[in-house]
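S.K.: One structure, as structure tokens, below. Some questions next.
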2 protein chains.
Amino acid sequence: MLEDGVQEPLGGQVFGRYGTIQSISVVELHVDKNRLKEFEAIFNPRSVAIVGSSSSTRKPGGFATYNFLHCGYNGRVFPINPVEGEIMGVPAYPSVKDVPEPVDYAVIMIPANMVPKAIDECVAKGVKVAQIFTAGFSETGEEEGIQLQRELVARARRGGLRVIGPNCAGISCPLRRIPIPTGATIGQPGDVAFLSQSGGHVQSMLDMGFSRGLRYSKVAAFGNGSDLNVLDFLEYLRDDPETKSIGLYAEGTPDGRQLYRLLAEISRNKPVVFMKGGKTRAGIEAAASHTGSLAGSETVWAAAMKQAGVIEVNSLEEMVDTLMAFQYLPPLRSNRLLFVSQPGGAAGGASVFAADVFSGLGLELPPFTPEVKERLKAVVNSPGSILGNPLDVSMVGRVPESLRQVMSMLSALPDTDLIVVMQRVTFLLQMMAPADVQAINDALISSRQSKPVLLVSQPGGLREVERQAAEKRFVEAGVPVYPSFHRAGMAIANIVRYWQFRNGTGLGD
Amino acid sequence: MLEDGVQEPLGGQVFGRYGTIQSISVVELHVDKNRLKEFEAIFNPRSVAIVGSSSSTRKPGGFATYNFLHCGYNGRVFPINPVEGEIMGVPAYPSVKDVPEPVDYAVIMIPANMVPKAIDECVAKGVKVAQIFTAGFSETGEEEGIQLQRELVARARRGGLRVIGPNCAGISCPLRRIPIPTGATIGQPGDVAFLSQSGGHVQSMLDMGFSRGLRYSKVAAFGNGSDLNVLDFLEYLRDDPETKSIGLYAEGTPDGRQLYRLLAEISRNKPVVFMKGGKTRAGIEAAASHTGSLAGSETVWAAAMKQAGVIEVNSLEEMVDTLMAFQYLPPLRSNRLLFVSQPGGAAGGASVFAADVFSGLGLELPPFTPEVKERLKAVVNSPGSILGNPLDVSMVGRVPESLRQVMSMLSALPDTDLIVVMQRVTFLLQMMAPADVQAINDALISSRQSKPVLLVSQPGGLREVERQAAEKRFVEAGVPVYPSFHRAGMAIANIVRYWQFRNGTGLGD
């Protein structure tokens with residue numbers, strides 16, 4: 001059914017189970033039940049119409065139809081096409097009005113000038129929500145596009161139809177196997193939401209999350225936000241019992257004051273990780289062309305976000321890293337951590353570097369007491385080992401039983417809340433059998449019940465396949481994996497800052 | 001010959017050819033010919049003895065022997081072992097003194113207390129350089145280790161033997177297929193040197209470089225630097241005609257003033273990228289335990305480095321990224337660049353983000369003139385495209401011929417020196433056949449003859465194998481690939497800063 005040469009999308013594939021979700025206590029709030037109900041049609045629709053469907057998966061409407069039919073979504077799918085009677089083996093209809101059953105949700109993927117008519121038909125049919133994929137509206141900055149957008153919103157509102165977009169990639173809900181219409185990546189369901197003005201960022205976040213083990217509850221790209229906007233989605237996510245932390249990308253907002261109030265309210269209960277687009281002159285200009293947003297002054301935003309307890313990040317990588325930390329780690333009570341340098345040798349430089357990076361980010365590596373050193377010395381006693389924090393167990397780290405003892409000692413220490421371990425699987429596999437490396441890794445994971453563990457594992461080298469397999473095992477055991485010290489350190493510092501905000505203390509800047 | 005279950009090291013494997021090396025003009029300097037000759041025994045030895053060899057590749061001495069025998073090194077290899085008469089099919093000798101032929105270079109991998117005797121035997125044999133892998137010397141901070149190191153250096157100097165280490169991983173020279181004794185990764189030879197106090201960092205740099213297409217001339221980890229130290233190696237690399245840029249990791253130096261003078265001298269001719277270990281209190285303590293270095297004040301170092309024209313970096317990732325930029329890009333005359341957002345759609349958010357990141361790093365994205373916009377409009381004319389810089393060609397970017405025209409126009413623009421392109425192969429492969437994506441990529445590469453191109457390609461998602469293959473094609477065509485906007489931007493800003501230093505202008509901070 002796919003075009004020649006296009007490979008099978010893998011959206012339906014289950015990547016494997018990831019570690020258990022840490023429970024984050026959620027304070028009971030007033031819940032807006034009407035909004036929850038309204039959003040049922042978005043994140044749990046009984047049926048979906050693809051307006052602008054096609055038999056070709058090279059066209060957005062065809063690819064979207066393929067995705068809904070093959071990603072495991074168990075509602076009804078209705079392709080809408082003016083001439084085809086059947087698309088990909090299911091009946092197609094000339095208009096959404098002709099569908100013989102109720103339609104909760106419509107994805108509109110037709111040229112901009114045809115959208116208003118499609119909106120009227122959705123209203124006539126009683127569709128609840130329409131997502132408009134099509135671009136060419138207010139984001140063009142031209143009168144024609146602005147007018148067209150105003151027009152379609154007016155028509156939808158008169159008819160009681162809610163609109164997502166236009167100029168947007170739409171939503172995904174892994175629990176209900178709902179794909180982003182133009183994206184086949186659906187990972188395991190989880191409790192992290194990501195909300196974005198940009199569809200490309202949603203695709204990046206889905207891709208990175210899929211590979212790293214970040215599990216989403218709800219994902220949404222709202223584009224121009226002509227009707228349902230960032231505030232509506234945030235109010236929904238605030239109340240959504242399936243969402244425990246929220247990532248947000250926005251280039252601007254219709255009402256900054258209200259956004260601030262809402263983020264401050266949510267942050268008291270659920271962490272919000274925020275990336276702002278349009279911070280520099282060049283970025284502000286690009287944002288205006290992208291979604292027609294007028295990005296405000298950066299310093300005002302940043303100060304407001306900090307006051308609201310929102311964690312502001314500067315890249316999608318930091319966004320994924322921070323949401324990963326919220327997903328995999330319990331609330332951290334302090335900024336104090338232990339660092340174990342690569343077991344098995346060649347770890348001195350990494351110890352120095354980790355100490356520099358973590359200290360530079362405001363994290364502490366408290367030194368061991370003489371008693372702890374004595375106890376460690378009884379297990380770790382080889383040239384090249386360094387019995388400090390950073391701890392370099394060197395060659396002793398190749399003995400799983402010794403390593404298990406060390407990890408057990410470390411996890412019992414009362415004054416630290418996290419163990420960070422660095423490992424280069426490439427290096428270990430040069431001299432050890434895979435089963436031995438696995439035994440070492442199991443020893444590293446072993447202490448996780450009493451104290452959380454986080455792994456730093458750098459990409460590159462001769463053993464990429466084995467590295468990825470090893471990392472997957474860590475993640476599946478509940479140990480999040482980061483590709484560099486900087487990225488691990490930033491994520492840890494971010495969640496420490498949030499939990500200190502929640503507890504009324506503070507890391508400061 | 002390998003232990004059960006240990007996989008074949010792949011050191012001998014050739015990963016593929018990478019793009020042509022850009023020629024960097026090198027000013028003629030006074031060259032220390034004696035030092036060049038002395039270092040011949042290190043980077044081009046006719047024979048190597050492994051003192052502490054073993055039949056087991058799980059032991060460092062056995063693994064080193066295996067590597068020298070299988071990595072393609074074409075000098076003689078002599079395993080030294082007190083009891084074995086043959087190791088891995090070649091004759092072994094009880095002492096280096098018993099080797100029936102000349103020995104240029106010895107790798108010493110035996111317990112610390114046996115090292116002085118081995119040094120005496122190297123002297124007796126007339127070995128030119130000994131690399132001491134063994135740890136347990138001055139870096140322990142204990143009198144015994146300090147004394148032992150002093151002792152072995154005295155014995156070596158009396159006998160005219162030069163020493164690398166102790167407590168060090170040693171050297172690699174891809175052109176002569178010389179592996180780091182405990183590391184099997186040898187990539188294609190190139191013109192980038194990396195010099196490091198830490199052996200772990202050398203292994204990381206080899207691994208990352210191998211996967212990214214960074215090609216080394218010489219790599220060296222000098223550990224405690226008891227005899228040949230950072231200054232000796234730098235003087236050699238200054239004069240080495242095979243080296244055109246230098247990466248350096250150091251935690252401290254015996255003579256900061258001399259290091260400063262030397263780096264300033266080298267920077268006038270070859271770029272030096274420097275990462276300093278031991279910047280924070282925690283890092284300084286770790287450095288003292290690691291290589292016995294006393295790291296100096298960070299602010300003093302940083303100011304001195306800047307004045308000397310040295311590019312200081314804060315992580316190994318930034319080190320690789322910056323050396324990649326020196327290897328693949330010609331000297332850049334300005335900080336002005338063009339950004340082309342993902343051809344094929346879903347690129348608006350990336351445009352905004354790229355503009356923010358690059359501007360934030362002091363790089364400029366000059367706007368197009370109205371004439372250029374008109375010319376672009378004749379080719380790029382679809383909803384969603386944004387004819388600015390960042391340029392979002394949107395769906396037109398799926399038409400290779402149009403994209404080729406756009407790239408050709410951009411590369412002819414006189415006021416910018418680099419085109420940065422962002423691409424998510426994952427996204428494109430969802431709706432396009434691999435051959436079509438390849439045609440797009442060829443169009444992106446096409447303009448490279450008239451203006452350099454750099455690619456940003458983010459890891460993650462359903463198509464990791466295809467992404468890596470696509471990236472490899474770019475790299476082989478001379479287009480360096482970076483995993484994020486931040487990392488690309490930092491590398492570009494770093495080399496711009498260097499070339500402005502060389503030209504007597506400056507980017508400032």
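The way I read the labels, and the way they are meant: chains A, B, ... in the order of the structure tokens, residue 1 as the first residue of every chain, and ligand 1 as the first ligand shown, with later ones counted on from there.
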Should the cut-off be 6 Å, what would the residue list for chain A against chain B look like, counting only C-alpha atoms, as a VMD selection string?
M.R.: chain A and resid 5 to 6 58 135 to 136 198 200 207 to 208 210 to 211 279 to 280 282 to 283 286 to 287 290 346 to 349 352 355 to 356 383 to 384 431 to 433 460 to 461
S.K.: How would the residues just chosen look if you wrote them out with N, CA and C atoms as an mmCIF file, in the first residue's frame?
M.R.:
data_model
loop_
_atom_site.group_PDB
_atom_site.id
_atom_site.type_symbol
_atom_site.label_atom_id
_atom_site.label_comp_id
_atom_site.auth_asym_id
_atom_site.auth_seq_id
_atom_site.Cartn_x
_atom_site.Cartn_y
_atom_site.Cartn_z
ATOM 1 N N GLY A 5 9.366 1.824 -2.850
ATOM 2 C CA GLY A 5 10.637 2.236 -2.254
ATOM 3 C C GLY A 5 10.514 2.871 -0.892
ATOM 4 N N VAL A 6 9.318 3.283 -0.491
ATOM 5 C CA VAL A 6 9.170 3.865 0.846
ATOM 6 C C VAL A 6 9.066 2.711 1.839
ATOM 7 N N ARG A 58 2.973 9.367 -0.002
ATOM 8 C CA ARG A 58 3.903 10.493 -0.142
ATOM 9 C C ARG A 58 3.197 11.830 0.061
ATOM 10 N N ALA A 135 -0.961 25.182 6.151
ATOM 11 C CA ALA A 135 -0.355 26.479 6.449
ATOM 12 C C ALA A 135 -0.860 27.513 5.451
ATOM 13 N N GLY A 136 -0.466 28.781 5.652
ATOM 14 C CA GLY A 136 -0.871 29.846 4.730
ATOM 15 C C GLY A 136 -1.894 30.777 5.359
ATOM 16 N N SER A 198 5.498 24.611 17.708
ATOM 17 C CA SER A 198 6.171 24.105 16.510
ATOM 18 C C SER A 198 5.958 22.612 16.325
ATOM 19 N N GLY A 200 7.703 20.787 14.101
ATOM 20 C CA GLY A 200 9.019 20.183 13.951
ATOM 21 C C GLY A 200 9.607 19.809 15.302
ATOM 22 N N ASP A 207 11.056 11.782 18.487
ATOM 23 C CA ASP A 207 12.190 10.962 18.055
ATOM 24 C C ASP A 207 13.198 10.768 19.192
ATOM 25 N N MET A 208 13.577 11.880 19.815
ATOM 26 C CA MET A 208 14.569 11.772 20.887
ATOM 27 C C MET A 208 13.999 10.987 22.063
ATOM 28 N N PHE A 210 11.708 8.683 22.011
ATOM 29 C CA PHE A 210 11.616 7.283 21.619
ATOM 30 C C PHE A 210 12.939 6.563 21.856
ATOM 31 N N SER A 211 14.032 7.207 21.447
ATOM 32 C CA SER A 211 15.342 6.567 21.564
ATOM 33 C C SER A 211 15.871 6.574 22.994
ATOM 34 N N LYS A 279 14.354 34.461 21.169
ATOM 35 C CA LYS A 279 15.001 35.172 22.282
ATOM 36 C C LYS A 279 15.889 36.294 21.787
ATOM 37 N N THR A 280 16.453 36.105 20.595
ATOM 38 C CA THR A 280 17.378 37.097 20.061
ATOM 39 C C THR A 280 16.664 37.840 18.937
ATOM 40 N N ALA A 282 17.347 37.966 15.819
ATOM 41 C CA ALA A 282 17.181 37.071 14.672
ATOM 42 C C ALA A 282 16.086 36.039 14.955
ATOM 43 N N GLY A 283 16.074 35.538 16.189
ATOM 44 C CA GLY A 283 15.073 34.536 16.558
ATOM 45 C C GLY A 283 13.675 35.119 16.588
ATOM 46 N N ALA A 286 12.440 35.373 13.091
ATOM 47 C CA ALA A 286 12.079 34.062 12.562
ATOM 48 C C ALA A 286 10.756 33.591 13.164
ATOM 49 N N ALA A 287 10.544 33.875 14.460
ATOM 50 C CA ALA A 287 9.297 33.462 15.119
ATOM 51 C C ALA A 287 8.099 34.159 14.478
ATOM 52 N N HIS A 290 7.307 32.366 11.457
ATOM 53 C CA HIS A 290 6.961 30.961 11.669
ATOM 54 C C HIS A 290 5.515 30.790 12.108
ATOM 55 N N ALA A 346 40.821 3.653 33.296
ATOM 56 C CA ALA A 346 40.830 4.806 32.388
ATOM 57 C C ALA A 346 39.771 5.815 32.775
ATOM 58 N N ALA A 347 39.697 6.116 34.059
ATOM 59 C CA ALA A 347 38.590 6.917 34.559
ATOM 60 C C ALA A 347 39.030 8.192 35.263
ATOM 61 N N GLY A 348 40.320 8.411 35.356
ATOM 62 C CA GLY A 348 40.803 9.573 36.099
ATOM 63 C C GLY A 348 40.376 10.896 35.461
ATOM 64 N N GLY A 349 40.573 11.011 34.169
ATOM 65 C CA GLY A 349 40.184 12.242 33.474
ATOM 66 C C GLY A 349 38.699 12.504 33.603
ATOM 67 N N VAL A 352 37.924 14.026 37.037
ATOM 68 C CA VAL A 352 38.247 15.456 37.105
ATOM 69 C C VAL A 352 37.164 16.260 36.387
ATOM 70 N N ALA A 355 33.775 16.310 38.172
ATOM 71 C CA ALA A 355 33.825 17.212 39.327
ATOM 72 C C ALA A 355 33.695 18.661 38.864
ATOM 73 N N ASP A 356 34.424 19.007 37.801
ATOM 74 C CA ASP A 356 34.339 20.374 37.268
ATOM 75 C C ASP A 356 32.925 20.710 36.806
ATOM 76 N N PRO A 383 46.097 -0.231 42.490
ATOM 77 C CA PRO A 383 46.742 0.994 42.010
ATOM 78 C C PRO A 383 45.821 1.668 41.006
ATOM 79 N N GLY A 384 45.796 2.980 41.051
ATOM 80 C CA GLY A 384 44.966 3.724 40.100
ATOM 81 C C GLY A 384 43.604 4.051 40.663
ATOM 82 N N MET A 431 38.309 -5.579 26.280
ATOM 83 C CA MET A 431 39.033 -6.629 26.992
ATOM 84 C C MET A 431 38.132 -7.606 27.729
ATOM 85 N N MET A 432 36.814 -7.378 27.642
ATOM 86 C CA MET A 432 35.925 -8.251 28.406
ATOM 87 C C MET A 432 34.832 -8.813 27.520
ATOM 88 N N ALA A 433 34.330 -9.975 27.916
ATOM 89 C CA ALA A 433 33.226 -10.584 27.186
ATOM 90 C C ALA A 433 31.943 -9.811 27.516
ATOM 91 N N GLY A 460 29.876 7.013 20.310
ATOM 92 C CA GLY A 460 31.081 7.014 19.468
ATOM 93 C C GLY A 460 31.961 5.804 19.667
ATOM 94 N N GLY A 461 32.640 5.396 18.610
ATOM 95 C CA GLY A 461 33.601 4.310 18.705
ATOM 96 C C GLY A 461 33.197 3.075 17.935
#
S.K.: I'd like the contact shell of range 172-179 of chain B - 7 Å cut-off, only C-alpha atoms, skipping same-chain residues fewer than 4 positions apart - returned as a list in words.
M.R.: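 Here the qualifying residues turn out to be Phe43, Asn44, Asn67, Phe68, Cys71, Gly72, Tyr73, Gly183, Ala184, Ile186, Gly187, Gln188, Pro189, Tyr216, Ser217, Lys218, Val219 and Ala220 of chain B.
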S.K.: Name the closest residue to Arg487 in chain B among the candidates B:Leu455, B:Ile419, B:Leu410, B:Ala221; distances are taken between atoms, counting only C-alpha atoms.
M.R.: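 Closest to Arg487 in chain B, using only C-alpha atoms: B:Leu455.
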S.K.: Enumerate as a ChimeraX atom specification all residues of range 126-373 of chain B assigned to helix (DSSP H, G or I) by DSSP on the backbone, naming them with the chain letters and numbers the document uses.
M.R.: /B:138-140,143-158,174-176,199-212,230-239,256-267,281-291,298-307,316-328,348-360,370-373
S.K.: In range 121-359 of chain A, what's strand (DSSP E) per DSSP? Answer as an mmCIF file with C-alpha atoms, in the first residue's frame?
M.R.:
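File produced: selection_6.cif:
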data_model
loop_
_atom_site.group_PDB
_atom_site.id
_atom_site.type_symbol
_atom_site.label_atom_id
_atom_site.label_comp_id
_atom_site.auth_asym_id
_atom_site.auth_seq_id
_atom_site.Cartn_x
_atom_site.Cartn_y
_atom_site.Cartn_z
ATOM 1 C CA VAL A 129 -12.651 19.246 17.104
ATOM 2 C CA ALA A 130 -10.856 19.999 13.833
ATOM 3 C CA GLN A 131 -7.070 20.044 13.582
ATOM 4 C CA ILE A 132 -5.932 22.171 10.652
ATOM 5 C CA ARG A 162 -13.140 23.711 18.411
ATOM 6 C CA VAL A 163 -10.057 24.238 16.230
ATOM 7 C CA ILE A 164 -6.412 23.218 16.719
ATOM 8 C CA GLY A 170 -1.523 18.112 15.677
ATOM 9 C CA ILE A 171 -1.556 15.744 18.605
ATOM 10 C CA SER A 172 -0.399 12.300 19.713
ATOM 11 C CA PRO A 189 2.899 5.600 27.034
ATOM 12 C CA GLY A 190 4.039 7.500 30.115
ATOM 13 C CA ASP A 191 3.229 10.523 32.239
ATOM 14 C CA VAL A 192 5.141 13.331 30.481
ATOM 15 C CA ALA A 193 3.265 15.829 28.296
ATOM 16 C CA PHE A 194 4.865 17.979 25.608
ATOM 17 C CA LEU A 195 3.101 21.012 24.224
ATOM 18 C CA SER A 196 4.540 23.068 21.375
ATOM 19 C CA TYR A 216 4.621 10.615 26.847
ATOM 20 C CA SER A 217 1.048 10.947 28.068
ATOM 21 C CA LYS A 218 -0.043 13.616 25.566
ATOM 22 C CA VAL A 219 1.818 15.514 22.870
ATOM 23 C CA ALA A 220 0.387 18.499 21.014
ATOM 24 C CA ALA A 221 1.556 21.030 18.408
ATOM 25 C CA SER A 245 5.177 16.716 34.216
ATOM 26 C CA ILE A 246 4.904 19.112 31.276
ATOM 27 C CA GLY A 247 7.338 20.305 28.613
ATOM 28 C CA LEU A 248 6.374 23.504 26.779
ATOM 29 C CA TYR A 249 7.769 25.225 23.683
ATOM 30 C CA ALA A 250 6.252 28.597 22.846
ATOM 31 C CA VAL A 272 6.843 22.602 33.891
ATOM 32 C CA VAL A 273 9.947 22.692 31.658
ATOM 33 C CA PHE A 274 9.793 25.632 29.302
ATOM 34 C CA MET A 275 11.747 26.502 26.179
ATOM 35 C CA LYS A 276 11.114 29.886 24.651
ATOM 36 C CA ILE A 311 12.354 25.386 34.741
ATOM 37 C CA GLU A 312 13.557 27.269 31.692
ATOM 38 C CA VAL A 313 15.770 25.394 29.219
ATOM 39 C CA LEU A 338 28.008 10.701 44.462
ATOM 40 C CA PHE A 339 30.011 10.149 41.300
ATOM 41 C CA VAL A 340 31.455 6.768 40.377
ATOM 42 C CA SER A 341 33.917 6.978 37.531
#
S.K.: Write out as a ChimeraX atom specification each polymer residue whose atoms come within 12 Å of range 443-451 of chain A, counting only C-alpha atoms; drop sequence neighbours fewer than 4 positions from it.
M.R.: /A:19-20,22,328-333,337-338,340-343,397-423,436-439,455,470-471,473-481
S.K.: I'd like the contact shell of range 304-310 of chain B - 8 Å cut-off, only C-alpha atoms, skipping same-chain residues fewer than 3 positions apart - returned as an NGL selection string.
M.R.: :B and (260-261 or 263-265 or 267-268 or 271-274 or 300-301 or 498 or 501-502)
S.K.: How would the residues just picked look written out with all heavy atoms as a CSV table (one decimal), in the first residue's frame?
M.R.:
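Result written to out-v5.csv:
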chain,number,residue,atom,x,y,z
B,260,TYR,N,52.5,29.0,28.4
B,260,TYR,CA,51.8,30.1,27.8
B,260,TYR,C,52.6,30.6,26.6
B,260,TYR,O,52.1,30.8,25.5
B,260,TYR,CB,51.7,31.3,28.8
B,260,TYR,CG,51.3,32.5,28.2
B,260,TYR,CD1,50.0,32.7,27.8
B,260,TYR,CD2,52.2,33.5,27.9
B,260,TYR,CE1,49.6,33.9,27.1
B,260,TYR,CE2,51.9,34.7,27.2
B,260,TYR,CZ,50.5,34.9,26.9
B,260,TYR,OH,50.2,36.0,26.2
B,261,ARG,N,53.9,30.7,26.8
B,261,ARG,CA,54.8,31.2,25.6
B,261,ARG,C,54.7,30.3,24.4
B,261,ARG,O,54.6,30.7,23.3
B,261,ARG,CB,56.2,31.4,26.1
B,261,ARG,CG,56.5,32.7,26.7
B,261,ARG,CD,58.1,33.0,26.7
B,261,ARG,NE,58.8,32.0,27.5
B,261,ARG,CZ,59.2,32.2,28.7
B,261,ARG,NH1,58.9,33.3,29.4
B,261,ARG,NH2,59.8,31.2,29.4
B,263,LEU,N,52.2,28.1,23.7
B,263,LEU,CA,50.9,28.1,23.1
B,263,LEU,C,50.7,29.3,22.2
B,263,LEU,O,50.2,29.3,21.2
B,263,LEU,CB,49.8,28.0,24.2
B,263,LEU,CG,49.7,26.6,24.9
B,263,LEU,CD1,48.7,26.7,26.0
B,263,LEU,CD2,49.4,25.5,24.0
B,264,ALA,N,51.2,30.4,22.7
B,264,ALA,CA,51.1,31.7,22.0
B,264,ALA,C,51.9,31.6,20.7
B,264,ALA,O,51.4,32.0,19.6
B,264,ALA,CB,51.6,32.9,22.8
B,265,GLU,N,53.1,31.0,20.8
B,265,GLU,CA,53.9,30.8,19.6
B,265,GLU,C,53.2,29.9,18.5
B,265,GLU,O,53.1,30.2,17.4
B,265,GLU,CB,55.2,30.2,19.9
B,265,GLU,CG,56.2,30.1,18.8
B,265,GLU,CD,57.4,29.1,19.0
B,265,GLU,OE1,57.6,28.8,20.2
B,265,GLU,OE2,58.0,28.8,18.0
B,267,SER,N,50.0,29.1,18.3
B,267,SER,CA,48.7,29.7,17.8
B,267,SER,C,48.9,30.6,16.7
B,267,SER,O,48.0,30.8,15.9
B,267,SER,CB,48.0,30.4,19.0
B,267,SER,OG,47.6,29.4,19.9
B,268,ARG,N,50.1,31.2,16.6
B,268,ARG,CA,50.3,32.1,15.4
B,268,ARG,C,50.3,31.4,14.1
B,268,ARG,O,50.2,31.9,13.0
B,268,ARG,CB,51.6,32.9,15.6
B,268,ARG,CG,51.5,34.0,16.7
B,268,ARG,CD,52.5,35.1,16.5
B,268,ARG,NE,53.9,34.5,16.6
B,268,ARG,CZ,54.6,34.4,17.7
B,268,ARG,NH1,54.1,34.6,18.9
B,268,ARG,NH2,55.8,33.9,17.7
B,271,PRO,N,46.1,26.3,14.9
B,271,PRO,CA,45.2,26.5,16.0
B,271,PRO,C,45.4,25.4,17.1
B,271,PRO,O,45.7,24.3,16.8
B,271,PRO,CB,43.8,26.2,15.3
B,271,PRO,CG,44.0,25.7,13.9
B,271,PRO,CD,45.5,25.9,13.6
B,272,VAL,N,45.2,25.9,18.3
B,272,VAL,CA,45.3,25.0,19.5
B,272,VAL,C,44.0,25.1,20.2
B,272,VAL,O,43.5,26.2,20.6
B,272,VAL,CB,46.4,25.4,20.5
B,272,VAL,CG1,46.4,24.5,21.7
B,272,VAL,CG2,47.8,25.4,19.8
B,273,VAL,N,43.3,24.0,20.5
B,273,VAL,CA,42.1,23.9,21.2
B,273,VAL,C,42.4,23.3,22.5
B,273,VAL,O,42.9,22.2,22.6
B,273,VAL,CB,41.0,23.1,20.4
B,273,VAL,CG1,39.7,23.1,21.1
B,273,VAL,CG2,40.9,23.6,19.0
B,274,PHE,N,42.1,24.0,23.6
B,274,PHE,CA,42.6,23.6,24.9
B,274,PHE,C,41.4,23.3,25.9
B,274,PHE,O,40.5,24.2,26.0
B,274,PHE,CB,43.5,24.7,25.4
B,274,PHE,CG,44.1,24.4,26.8
B,274,PHE,CD1,44.5,23.2,27.1
B,274,PHE,CD2,44.3,25.5,27.7
B,274,PHE,CE1,45.1,22.9,28.3
B,274,PHE,CE2,44.9,25.2,28.9
B,274,PHE,CZ,45.3,23.9,29.2
B,300,VAL,N,43.0,33.1,35.8
B,300,VAL,CA,44.4,33.4,35.2
B,300,VAL,C,44.6,32.6,33.9
B,300,VAL,O,45.0,33.2,32.9
B,300,VAL,CB,45.5,33.1,36.3
B,300,VAL,CG1,46.8,33.3,35.6
B,300,VAL,CG2,45.3,34.0,37.5
B,301,TRP,N,44.3,31.3,34.0
B,301,TRP,CA,44.5,30.5,32.8
B,301,TRP,C,43.7,31.0,31.7
B,301,TRP,O,44.1,31.2,30.5
B,301,TRP,CB,44.0,29.1,33.1
B,301,TRP,CG,44.9,28.1,33.7
B,301,TRP,CD1,45.2,28.0,35.0
B,301,TRP,CD2,45.8,27.2,33.0
B,301,TRP,NE1,46.1,27.0,35.2
B,301,TRP,CE2,46.5,26.5,34.0
B,301,TRP,CE3,46.0,26.8,31.7
B,301,TRP,CZ2,47.4,25.5,33.7
B,301,TRP,CZ3,46.9,25.8,31.4
B,301,TRP,CH2,47.6,25.1,32.4
B,498,TYR,N,39.2,32.1,16.2
B,498,TYR,CA,40.6,31.9,15.9
B,498,TYR,C,41.1,32.6,14.7
B,498,TYR,O,42.1,33.3,14.7
B,498,TYR,CB,40.9,30.4,15.8
B,498,TYR,CG,42.3,30.1,15.4
B,498,TYR,CD1,43.4,30.3,16.3
B,498,TYR,CD2,42.7,29.8,14.1
B,498,TYR,CE1,44.7,30.1,15.9
B,498,TYR,CE2,44.0,29.6,13.7
B,498,TYR,CZ,45.0,29.7,14.6
B,498,TYR,OH,46.3,29.6,14.3
B,501,PHE,N,41.5,36.2,15.3
B,501,PHE,CA,42.7,36.4,16.1
B,501,PHE,C,43.9,36.4,15.1
B,501,PHE,O,44.8,37.2,15.1
B,501,PHE,CB,42.9,35.3,17.1
B,501,PHE,CG,44.3,35.1,17.7
B,501,PHE,CD1,44.8,35.9,18.7
B,501,PHE,CD2,45.1,34.1,17.1
B,501,PHE,CE1,46.1,35.8,19.2
B,501,PHE,CE2,46.4,34.0,17.6
B,501,PHE,CZ,46.9,34.8,18.6
B,502,ARG,N,43.9,35.4,14.2
B,502,ARG,CA,45.0,35.3,13.2
B,502,ARG,C,45.1,36.5,12.3
B,502,ARG,O,46.2,37.0,11.9
B,502,ARG,CB,44.9,34.1,12.3
B,502,ARG,CG,45.4,32.8,13.0
B,502,ARG,CD,46.9,32.6,12.8
B,502,ARG,NE,47.3,32.3,11.5
B,502,ARG,CZ,47.4,31.1,10.9
B,502,ARG,NH1,47.3,30.1,11.7
B,502,ARG,NH2,47.8,31.0,9.7
S.K.: Could you build a table of the residues in range 108-195 of chain B lying no more than 12 Å from range 78-86 of chain B, giving for each the nearest pair of atoms and their separation in Å rounded to one decimal place, using only C-alpha atoms, ordered by chain and ascending residue number, as a Markdown table?
M.R.:
| residue | atom | partner | partner_atom | distance |
| --- | --- | --- | --- | --- |
| B:Ile108 | CA | B:Ile80 | CA | 9.5 |
| B:Met109 | CA | B:Ile80 | CA | 10.0 |
| B:Ile110 | CA | B:Asn81 | CA | 10.0 |
| B:Ala118 | CA | B:Ile80 | CA | 10.5 |
| B:Glu121 | CA | B:Ile80 | CA | 11.6 |
| B:Cys122 | CA | B:Ile80 | CA | 11.7 |
